[in-house]
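J.: Below: one structure in structure tokens.
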Amino acid sequence: MYPISRLAARPSCRRLHLLFRVGALLAAPLAGHAASPHRGQPVQMNGIVAEIVRDDTAHHTSTVEYQLEDAQSRRHATLRFDGEPPKGLRSGARLAVTGVAGGDGSILLSSGSVDLQTTQATAAAAVVSGVQNTIVIIANFTNATVTSTPSQIQNLMFSDPDGHSIDALFRETSFGNVGFSGQVAGPFTINFSTASPCDLAGWANAADAAATGAGINLASYARHLYVMPSVEMSVCGADGAGQVGGNPSRAWVFNNQQSDVYAHELGHNLNMAHAATLTNQYGDASDDMSADGYALRHFNAPHMEQMGWMPPGNILTVTQSGTYTVAALETVPGEAPAAQILKIAKPDTGEYYYLSYRQPVGFDSGLVAGALNRVSVHKYTGMYDATNTYLLALLDDAGAYSDTANGITVTQQSHATDRATVQIQVAASGGGSCQQTAPALTLSPSSQGGAAGSMLAYTVTLSNKDNSYCATSTFNLAGAVPAGWTGSVSPASLNLAPGANGTATLSVASPASAAAATYSAQINVSDASSAAHAASGNAWYVVQPVACTRSVPSITFSPTNRSGYAGAAMSYAVTITNRDSASCAASTLTLGGIAPSGWSRTISPATASLSPGAASNATFVVTPPATTAAGAYNVQVSTSDAGSANHSVSANATSTVQPQPADTQAPTAPASLIASLKRAQVSLSWKAATDNVGVTGYEVWRNGTRVASTATTAWSESPAAGTYTYTVIAYDAAGNRSAPSNSVSVTSKGR
Ligand SMILES: [Zn+2]
């Protein structure tokens with residue numbers, strides 16, 4: 001939580017603390033009102049405000065309700081003020097309120113006790129740009145169903161084969177600044193019926209829970225749109241409802257087959273109010289923010305400026321009488337032959353007149369005929385705030401609009417297919433007094449994401465809203481970012497004439513340690529010479545979670561080639577290193593060894609539990625059989641992990657079986673040769689000799705002559721009478737011969 005401002009109410013009154021909204025934007029699947037306290041009981045609640053407009057275009061009435069919702073528990077309550085709501089209270093503001101239970105889930109608040117400073121107490125209204133990731137959830141009641149199919153709604157929103165989708169409309173009218181992408185979920189049946197009281201937040205929470213249960217990650221969608229049965233007209237008195245601004249935002253569509261209801265409620269989400277006339281808040285049919293039932297159409301000139309879709313260079317603020325050309329509003333700005341919006345200050349109210357010219361191009365091909373080929377005259381506060389725009393006149397050639405209070409007259413002189421020419425009369429300068437007002441401030445993009453530690457840049461557009469009698473002012477810009485972050489604005493001040501726009505860049509860097517969440521980056525505007533020029537706005541900085549990337553471990557052998565004789569063990573030290581990215585959890589790798597058939601092998605230990613970047617050692621031992629032929633053999637160590645296929649890898653080493661060396665070592669001399677004589681037979685025996693490889697046999701020598709060979713340690717003969725001296729010599733397979741044994745002599749008398 002990062003409180004940017006904290007405002008105490010007057011000491012004797014109930015207190016209302018207003019904090020800018022920060023922290024993760026949670027989509028907890030819990031739903032429902034908390035058990036309602038009894039009417040009149042004091043209640044306290046913290047939460048985020050959603051300003052929701054319920055549209056009943058048929059009756060030209062709308063209802064604005066302020067829902068306070070606890071992002072964690074999804075408890076929600078309607079805030080009821082005993083007078084006008086606090087000025088400037090907007091969607092996204094974080095509130096802690098103390099009030100009195102209304103008995104029906106609402107909280108009654110005394111507006112008089114709420115001491116808000118508008119510029120500080122509101123979440124910023126920022127220009128929205130980029131593709132709006134949108135989840136459309138079809139939510140049926142237990143006794144009523146949506147008549148459109150999911151594929152019909154998918155086409156209507158995103159993928160109409162004829163190019164008439166809501167996405168196509170916004171891309172065209174915003175000149176590519178805004179689009180909608182996403183998916184349709186459901187239908188789901190929520191546990192409400194047409195007999196239930198109107199509970200937009202409760203229905204949305206139930207639909208969210210159903211979608212979450214179906215595996216949809218709602219947190220990845222900025223725009224949540226609920227398509228519900230059209231009978232809800234009778235329950236909520238609306239054919240649609242939309243949250244004004246905020247991110248994420250919610251919209252409800254009850255008239256589900258009429259695409260301009262979708263455009264209208266999503267327009268509220270983008271922070272647009274109604275396209276009104278002086279007598280009907282839905283009366284300007286040249287804009288989707290009017291009544292429904294028309295073909296999809298572009299937005300009017302004040303909305304084009306409010307949304308930031310018309311480049312400032314294509315908006316001309318007229319301060320002198322003269323003849324001016326206004327190019328068609330639908331023209332791509334880079335190709336427009338003249339300014340596309342003419343603004344004229346209206347000093348008596350601080351508003352502006354907007355002149356524009358509409359042609360039947362693209363989605364405006366279906367525009368009501370009365371708005372075509374005529375100069376539209378609108379008035380608007382010129383603020384980037386959600387206030388209604390007003391269509392005042394549609395001028396045919398020679399048609400005029402006059403404002404006698406301010407000495408302004410606009411006359412259409414002529415028109416062509418791409419432009420109209422107007423004569424504009426304004427009062428001579430010096431005829432009025434300077435009226436200063438807060439500048440309009442936008443940050444673009446309104447939300448963007450990056451890894452912790454990254455620097456993100458926001459374009460700050462500041463518009464001097466003083467009337468034309470004021471002098472140029474110097475606006476100082478200062479950034480405010482969460483503690484431990486860095487923020488800077490360049491340039492730090494802008495000199496702007498009334499009606500002029502300027503831009504600066506707010507650069508914001510989060511610390512590398514910032515947790516994944518949505519944070520607020522604020523910009524504060526001040527003017528040392530005018531308190532009226534204070535303003536502030538904010539944008540969102542989304543620190544994105546660092547993804548875990550599983551990579552193959554590395555395996556190294558030491559040595560990579562080991563040599564030995566057949567029958568001898570060969571040992572390798574093996575190092576296994578976990579190469580996963582740092583955000584991954586530790587893994588347990590199973591180690592395996594492979595050696596040629598018939599060889600024995602062992603690996604120890606058989607597993608390695610490793611955190612990312614960590615290494616451990618194992619010992620791999622192979623033993624070729626004694627009969628193995630000399631040569632180089634492949635051996636292998638592998639890893640596997642039931643938890644990740646990316647952890648399977650193997651590495652090879654070489655085992656070289658060496659040729660056996662030549663045997664040059666003679667056996668030991670046979671010992672303990674003894675002889676016995678029995679009936680003329682001489683029998684010899686001796687102790688076995690030993691050899692490094694093996695004794696193959698023995699030679700028997702008699703009187704210096706070899707007389708026999710034997711593999712055993714005994715030999716006999718029956719010689720003729722005489723005296724004989726015997727010795728024995730051992731030999732091995734390589735022909736190495738031992739020294740002679742001891743000698744023995746025998747005298748035989750013969751047979
Ligand atoms: Zn509306």
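Chain lettering (A, B, ...) mirrors the order of the structure tokens, residue numbering begins at 1 for each chain separately, and ligand numbering begins at 1 in order of display.
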Check which residues fall inside 9 Å of ligand 1 when counting only C-alpha atoms and all ligand atoms, and print them as a VMD selection string.

T.: chain A and resid 53 to 57 62 240 to 242 261 264 to 265 267 to 268 272 to 275 281 to 282 289 to 291

J.: Give the strand (DSSP E) residues of segment 418-511 of chain A, as DSSP finds them on the backbone, and put them as an MDAnalysis selection string.

T.: chainID A and resid 419:425 440:444 447:451 455:463 473:480 486:490 493:496 501:509

J.: Which is closest to Ile408 of chain A among A:Lys346, A:Arg297, A:Arg374, A:Lys379, if we use only C-alpha atoms?

T.: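 Closest candidate: A:Lys346.
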
J.: I'd like the neighbourhood of Leu68 of chain A as a PDB file with N, CA, C and O atoms, in the first residue's frame, where a residue qualifies if any of its atoms comes within 8 Å (using only C-alpha atoms), though same-chain residues fewer than 6 positions away should be ignored.

T.:
ATOM      1  N   ASN A  46     -13.602  -0.367   3.788  1.00  0.00           N
ATOM      2  CA  ASN A  46     -12.531   0.062   2.886  1.00  0.00           C
ATOM      3  C   ASN A  46     -12.765  -0.561   1.531  1.00  0.00           C
ATOM      4  O   ASN A  46     -13.261  -1.679   1.451  1.00  0.00           O
ATOM      5  N   GLY A  47     -12.378   0.124   0.505  1.00  0.00           N
ATOM      6  CA  GLY A  47     -12.525  -0.492  -0.807  1.00  0.00           C
ATOM      7  C   GLY A  47     -12.191   0.464  -1.931  1.00  0.00           C
ATOM      8  O   GLY A  47     -11.665   1.557  -1.709  1.00  0.00           O
ATOM      9  N   ILE A  48     -12.501   0.016  -3.114  1.00  0.00           N
ATOM     10  CA  ILE A  48     -12.234   0.790  -4.324  1.00  0.00           C
ATOM     11  C   ILE A  48     -13.576   1.192  -4.928  1.00  0.00           C
ATOM     12  O   ILE A  48     -14.490   0.378  -5.023  1.00  0.00           O
ATOM     13  N   VAL A  49     -13.658   2.431  -5.330  1.00  0.00           N
ATOM     14  CA  VAL A  49     -14.913   2.965  -5.838  1.00  0.00           C
ATOM     15  C   VAL A  49     -15.069   2.658  -7.327  1.00  0.00           C
ATOM     16  O   VAL A  49     -14.104   2.746  -8.088  1.00  0.00           O
ATOM     17  N   ALA A  50     -16.258   2.245  -7.690  1.00  0.00           N
ATOM     18  CA  ALA A  50     -16.623   2.172  -9.106  1.00  0.00           C
ATOM     19  C   ALA A  50     -17.822   3.089  -9.313  1.00  0.00           C
ATOM     20  O   ALA A  50     -18.846   2.922  -8.661  1.00  0.00           O
ATOM     21  N   HIS A  76     -19.356  -5.732  -1.179  1.00  0.00           N
ATOM     22  CA  HIS A  76     -19.596  -4.488  -1.881  1.00  0.00           C
ATOM     23  C   HIS A  76     -20.831  -3.807  -1.310  1.00  0.00           C
ATOM     24  O   HIS A  76     -21.713  -4.453  -0.750  1.00  0.00           O
ATOM     25  N   ALA A  77     -20.849  -2.505  -1.431  1.00  0.00           N
ATOM     26  CA  ALA A  77     -21.968  -1.723  -0.920  1.00  0.00           C
ATOM     27  C   ALA A  77     -22.157  -0.521  -1.819  1.00  0.00           C
ATOM     28  O   ALA A  77     -21.207  -0.007  -2.419  1.00  0.00           O
ATOM     29  N   THR A  78     -23.408  -0.089  -1.918  1.00  0.00           N
ATOM     30  CA  THR A  78     -23.699   1.133  -2.658  1.00  0.00           C
ATOM     31  C   THR A  78     -23.570   2.313  -1.709  1.00  0.00           C
ATOM     32  O   THR A  78     -24.114   2.288  -0.596  1.00  0.00           O
ATOM     33  N   LEU A  79     -22.814   3.328  -2.115  1.00  0.00           N
ATOM     34  CA  LEU A  79     -22.667   4.525  -1.290  1.00  0.00           C
ATOM     35  C   LEU A  79     -23.808   5.474  -1.624  1.00  0.00           C
ATOM     36  O   LEU A  79     -24.044   5.787  -2.792  1.00  0.00           O
ATOM     37  N   LEU A  95     -11.191   4.220  -0.997  1.00  0.00           N
ATOM     38  CA  LEU A  95     -11.879   4.944   0.059  1.00  0.00           C
ATOM     39  C   LEU A  95     -11.932   4.110   1.320  1.00  0.00           C
ATOM     40  O   LEU A  95     -12.074   2.893   1.269  1.00  0.00           O
TER      41      LEU A  95
END

J.: Take atom CA of Pro624 of chain A and atom CA of Trp599 of chain A and report the distance between them in Å, one decimal.

T.: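 Computing it gives 4.7 Å between the two atoms.
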
J.: Neighbouring residues of Ala606 of chain A were defined as those with any atom within 12 Å, considering only C-alpha atoms; residues of the same chain fewer than 2 positions away were excluded. Please report them as a VMD selection string.

T.: chain A and resid 574 576 588 to 593 602 to 604 608 to 609 616 to 620 637 to 640

J.: For the selection just defined, write its residues with N, CA, C and O atoms to a file, as a compact mmCIF listing (two decimals), in the first residue's frame.

T.:
# COMPACT_ATOMS: atom_id res chain seq x y z
N VAL A 574 31.28 -36.51 -11.71
CA VAL A 574 30.28 -35.88 -12.58
C VAL A 574 29.67 -34.69 -11.83
O VAL A 574 29.29 -34.82 -10.66
N ILE A 576 26.60 -31.91 -11.89
CA ILE A 576 25.30 -31.60 -12.48
C ILE A 576 24.90 -30.21 -11.99
O ILE A 576 24.91 -29.94 -10.79
N THR A 588 14.30 -31.89 -8.12
CA THR A 588 15.04 -33.11 -7.82
C THR A 588 15.26 -33.86 -9.12
O THR A 588 14.30 -34.26 -9.79
N LEU A 589 16.52 -34.00 -9.50
CA LEU A 589 16.88 -34.68 -10.74
C LEU A 589 17.26 -36.11 -10.41
O LEU A 589 17.95 -36.38 -9.44
N THR A 590 16.78 -37.05 -11.24
CA THR A 590 17.17 -38.45 -11.12
C THR A 590 18.32 -38.70 -12.08
O THR A 590 18.25 -38.34 -13.26
N LEU A 591 19.42 -39.32 -11.55
CA LEU A 591 20.62 -39.53 -12.36
C LEU A 591 20.64 -40.97 -12.84
O LEU A 591 20.28 -41.89 -12.10
N GLY A 592 21.05 -41.19 -14.06
CA GLY A 592 21.18 -42.53 -14.61
C GLY A 592 22.51 -42.67 -15.31
O GLY A 592 23.08 -41.69 -15.79
N GLY A 593 23.04 -43.93 -15.34
CA GLY A 593 24.30 -44.17 -16.04
C GLY A 593 24.11 -45.24 -17.09
O GLY A 593 23.31 -46.17 -16.92
N THR A 602 27.86 -48.03 -11.69
CA THR A 602 27.15 -47.49 -10.52
C THR A 602 27.25 -45.97 -10.58
O THR A 602 28.23 -45.42 -11.09
N ILE A 603 26.18 -45.29 -10.10
CA ILE A 603 26.24 -43.83 -9.95
C ILE A 603 25.74 -43.50 -8.56
O ILE A 603 24.74 -44.04 -8.10
N SER A 604 26.43 -42.64 -7.89
CA SER A 604 26.09 -42.34 -6.50
C SER A 604 26.42 -40.87 -6.19
O SER A 604 27.50 -40.40 -6.52
N ALA A 608 19.77 -35.70 -7.37
CA ALA A 608 20.38 -34.42 -7.00
C ALA A 608 19.25 -33.40 -6.83
O ALA A 608 18.50 -33.16 -7.77
N SER A 609 19.12 -32.84 -5.65
CA SER A 609 18.11 -31.79 -5.41
C SER A 609 18.80 -30.45 -5.49
O SER A 609 19.69 -30.15 -4.70
N SER A 616 25.81 -30.01 -8.01
CA SER A 616 26.21 -31.05 -7.07
C SER A 616 27.02 -32.10 -7.82
O SER A 616 26.98 -32.18 -9.05
N ASN A 617 27.73 -32.91 -7.05
CA ASN A 617 28.64 -33.88 -7.64
C ASN A 617 28.13 -35.30 -7.41
O ASN A 617 27.46 -35.58 -6.41
N ALA A 618 28.47 -36.17 -8.34
CA ALA A 618 28.18 -37.59 -8.20
C ALA A 618 29.38 -38.36 -8.73
O ALA A 618 30.22 -37.81 -9.45
N THR A 619 29.46 -39.64 -8.34
CA THR A 619 30.56 -40.48 -8.80
C THR A 619 29.99 -41.58 -9.68
O THR A 619 29.04 -42.27 -9.29
N PHE A 620 30.57 -41.72 -10.87
CA PHE A 620 30.11 -42.71 -11.85
C PHE A 620 31.26 -43.68 -12.08
O PHE A 620 32.37 -43.26 -12.43
N VAL A 637 26.02 -40.33 -18.74
CA VAL A 637 25.21 -40.01 -17.55
C VAL A 637 24.04 -39.16 -18.02
O VAL A 637 24.20 -38.27 -18.86
N SER A 638 22.82 -39.45 -17.52
CA SER A 638 21.63 -38.70 -17.92
C SER A 638 20.90 -38.19 -16.69
O SER A 638 21.09 -38.70 -15.58
N THR A 639 20.07 -37.15 -16.89
CA THR A 639 19.19 -36.66 -15.83
C THR A 639 17.76 -36.72 -16.33
O THR A 639 17.50 -36.60 -17.53
N SER A 640 16.85 -36.90 -15.40
CA SER A 640 15.42 -36.84 -15.73
C SER A 640 14.69 -36.29 -14.52
O SER A 640 15.23 -36.25 -13.41

J.: What is the distance between atom CA of Phe188 of chain A and atom CA of Ser165 of chain A, in Å to one decimal?

T.: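 Answer for the atom CA of Phe188 of chain A to atom CA of Ser165 of chain A separation: 23.4 Å.
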
J.: Would you please work out which residue, of A:Ser743, A:Asn140, A:Ser716, A:Ser446, is nearest to Val728 of chain A when using only C-alpha atoms?

T.: A:Ser743

J.: When you draw a straight line from atom CA of Arg601 of chain A to atom CA of Ser648 of chain A, how long is it in Å?

T.: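 Atom CA of Ser648 of chain A lies 20.1 Å from atom CA of Arg601 of chain A.
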
J.: Select, from A:Ser365, A:Thr654, A:Thr409, A:Ser583, the residue with the minimum atom-to-atom distance to Ala595 of chain A, counting only C-alpha atoms.

T.: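 The answer is A:Thr654, which sits nearest to Ala595 of chain A.
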
J.: Please identify all polymer residues within 9 Å of Val635 of chain A, counting only C-alpha atoms, omitting same-chain residues fewer than 6 positions from it, and present them as a list of chain:residue names.

T.: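 Once the adjacent positions are removed, what remains is A:Gly593, A:Ile594, A:Ala595, A:Pro596, A:Val622, A:Ala651, A:Asn652, A:Ala653, A:Thr654, A:Ser655.
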
J.: For each of A:Met570, A:Ile341, A:Ala629, A:Ile424, take the minimum atom-to-atom distance to Ser321 of chain A, counting only C-alpha atoms, then give the residue where this is smallest.

T.: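 Among the listed residues, the smallest separation from Ser321 of chain A belongs to A:Ile424.
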
J.: Fewer than 2 positions away in the same chain doesn't count, so skip those; otherwise give me all residues within 10 Å of Gly334 of chain A, counting only C-alpha atoms, as a count of residues only.

T.: 8

J.: Contacts of Asn467 of chain A at 9 Å or less, counting only C-alpha atoms, minus same-chain residues fewer than 4 places along, as a list in words?

T.: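 In the requested form, the answer reads Ala345, Lys346, Pro347, Gly350, Glu351, Tyr352, Ser433, Cys434, Gln435, Gln436, Thr437, Pro498 and Gly499 of chain A.
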
J.: Would you save the residues from that selection as an mmCIF file, in the first residue's frame, using N, CA, C and O atoms?

T.:
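Once everything was written out, this is result-v5.cif:
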data_model
loop_
_atom_site.group_PDB
_atom_site.id
_atom_site.type_symbol
_atom_site.label_atom_id
_atom_site.label_comp_id
_atom_site.auth_asym_id
_atom_site.auth_seq_id
_atom_site.Cartn_x
_atom_site.Cartn_y
_atom_site.Cartn_z
ATOM 1 N N ALA A 345 -13.057 29.434 -27.321
ATOM 2 C CA ALA A 345 -13.314 29.602 -25.892
ATOM 3 C C ALA A 345 -14.678 30.253 -25.667
ATOM 4 O O ALA A 345 -15.103 31.134 -26.432
ATOM 5 N N LYS A 346 -15.345 29.807 -24.626
ATOM 6 C CA LYS A 346 -16.651 30.348 -24.229
ATOM 7 C C LYS A 346 -16.443 30.955 -22.843
ATOM 8 O O LYS A 346 -16.632 30.292 -21.813
ATOM 9 N N PRO A 347 -16.002 32.205 -22.804
ATOM 10 C CA PRO A 347 -15.477 32.763 -21.537
ATOM 11 C C PRO A 347 -16.501 32.802 -20.402
ATOM 12 O O PRO A 347 -16.108 32.682 -19.241
ATOM 13 N N GLY A 350 -16.315 29.131 -19.076
ATOM 14 C CA GLY A 350 -15.058 28.381 -19.063
ATOM 15 C C GLY A 350 -15.090 27.168 -19.978
ATOM 16 O O GLY A 350 -14.140 26.393 -20.016
ATOM 17 N N GLU A 351 -16.180 26.971 -20.713
ATOM 18 C CA GLU A 351 -16.259 25.846 -21.649
ATOM 19 C C GLU A 351 -15.679 26.254 -23.007
ATOM 20 O O GLU A 351 -15.206 27.375 -23.187
ATOM 21 N N TYR A 352 -15.761 25.301 -23.933
ATOM 22 C CA TYR A 352 -15.327 25.568 -25.304
ATOM 23 C C TYR A 352 -16.415 25.125 -26.265
ATOM 24 O O TYR A 352 -17.148 24.163 -26.018
ATOM 25 N N SER A 433 -12.639 39.205 -19.046
ATOM 26 C CA SER A 433 -11.638 39.046 -18.003
ATOM 27 C C SER A 433 -11.069 37.637 -18.045
ATOM 28 O O SER A 433 -11.728 36.690 -18.480
ATOM 29 N N CYS A 434 -9.845 37.537 -17.602
ATOM 30 C CA CYS A 434 -9.162 36.231 -17.553
ATOM 31 C C CYS A 434 -9.815 35.354 -16.497
ATOM 32 O O CYS A 434 -10.006 35.771 -15.368
ATOM 33 N N GLN A 435 -10.178 34.147 -16.909
ATOM 34 C CA GLN A 435 -10.666 33.153 -15.947
ATOM 35 C C GLN A 435 -9.743 31.954 -16.021
ATOM 36 O O GLN A 435 -9.662 31.271 -17.044
ATOM 37 N N GLN A 436 -9.051 31.707 -14.911
ATOM 38 C CA GLN A 436 -8.124 30.574 -14.882
ATOM 39 C C GLN A 436 -8.834 29.343 -14.345
ATOM 40 O O GLN A 436 -9.692 29.425 -13.482
ATOM 41 N N THR A 437 -8.444 28.225 -14.874
ATOM 42 C CA THR A 437 -9.018 26.962 -14.401
ATOM 43 C C THR A 437 -7.919 25.912 -14.433
ATOM 44 O O THR A 437 -6.850 26.128 -14.990
ATOM 45 N N PRO A 498 -3.245 30.070 -23.316
ATOM 46 C CA PRO A 498 -4.593 29.499 -23.164
ATOM 47 C C PRO A 498 -4.961 28.657 -24.377
ATOM 48 O O PRO A 498 -4.722 29.064 -25.516
ATOM 49 N N GLY A 499 -5.468 27.444 -24.107
ATOM 50 C CA GLY A 499 -5.863 26.551 -25.181
ATOM 51 C C GLY A 499 -4.744 25.719 -25.753
ATOM 52 O O GLY A 499 -4.993 24.811 -26.534
#

J.: Pick out the closest residue to Trp485 of chain A from this set: A:Phe363, A:Tyr541, A:Tyr66, A:Phe254. Count only C-alpha atoms.

T.: A:Tyr541

J.: Select, from A:Ala480, A:Ile729, A:Met228, A:Ala195, the residue with the minimum atom-to-atom distance to Ser148 of chain A, counting only C-alpha atoms.

T.: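 Of A:Ala480, A:Ile729, A:Met228, A:Ala195, the one nearest Ser148 of chain A is A:Met228, counting only C-alpha atoms.
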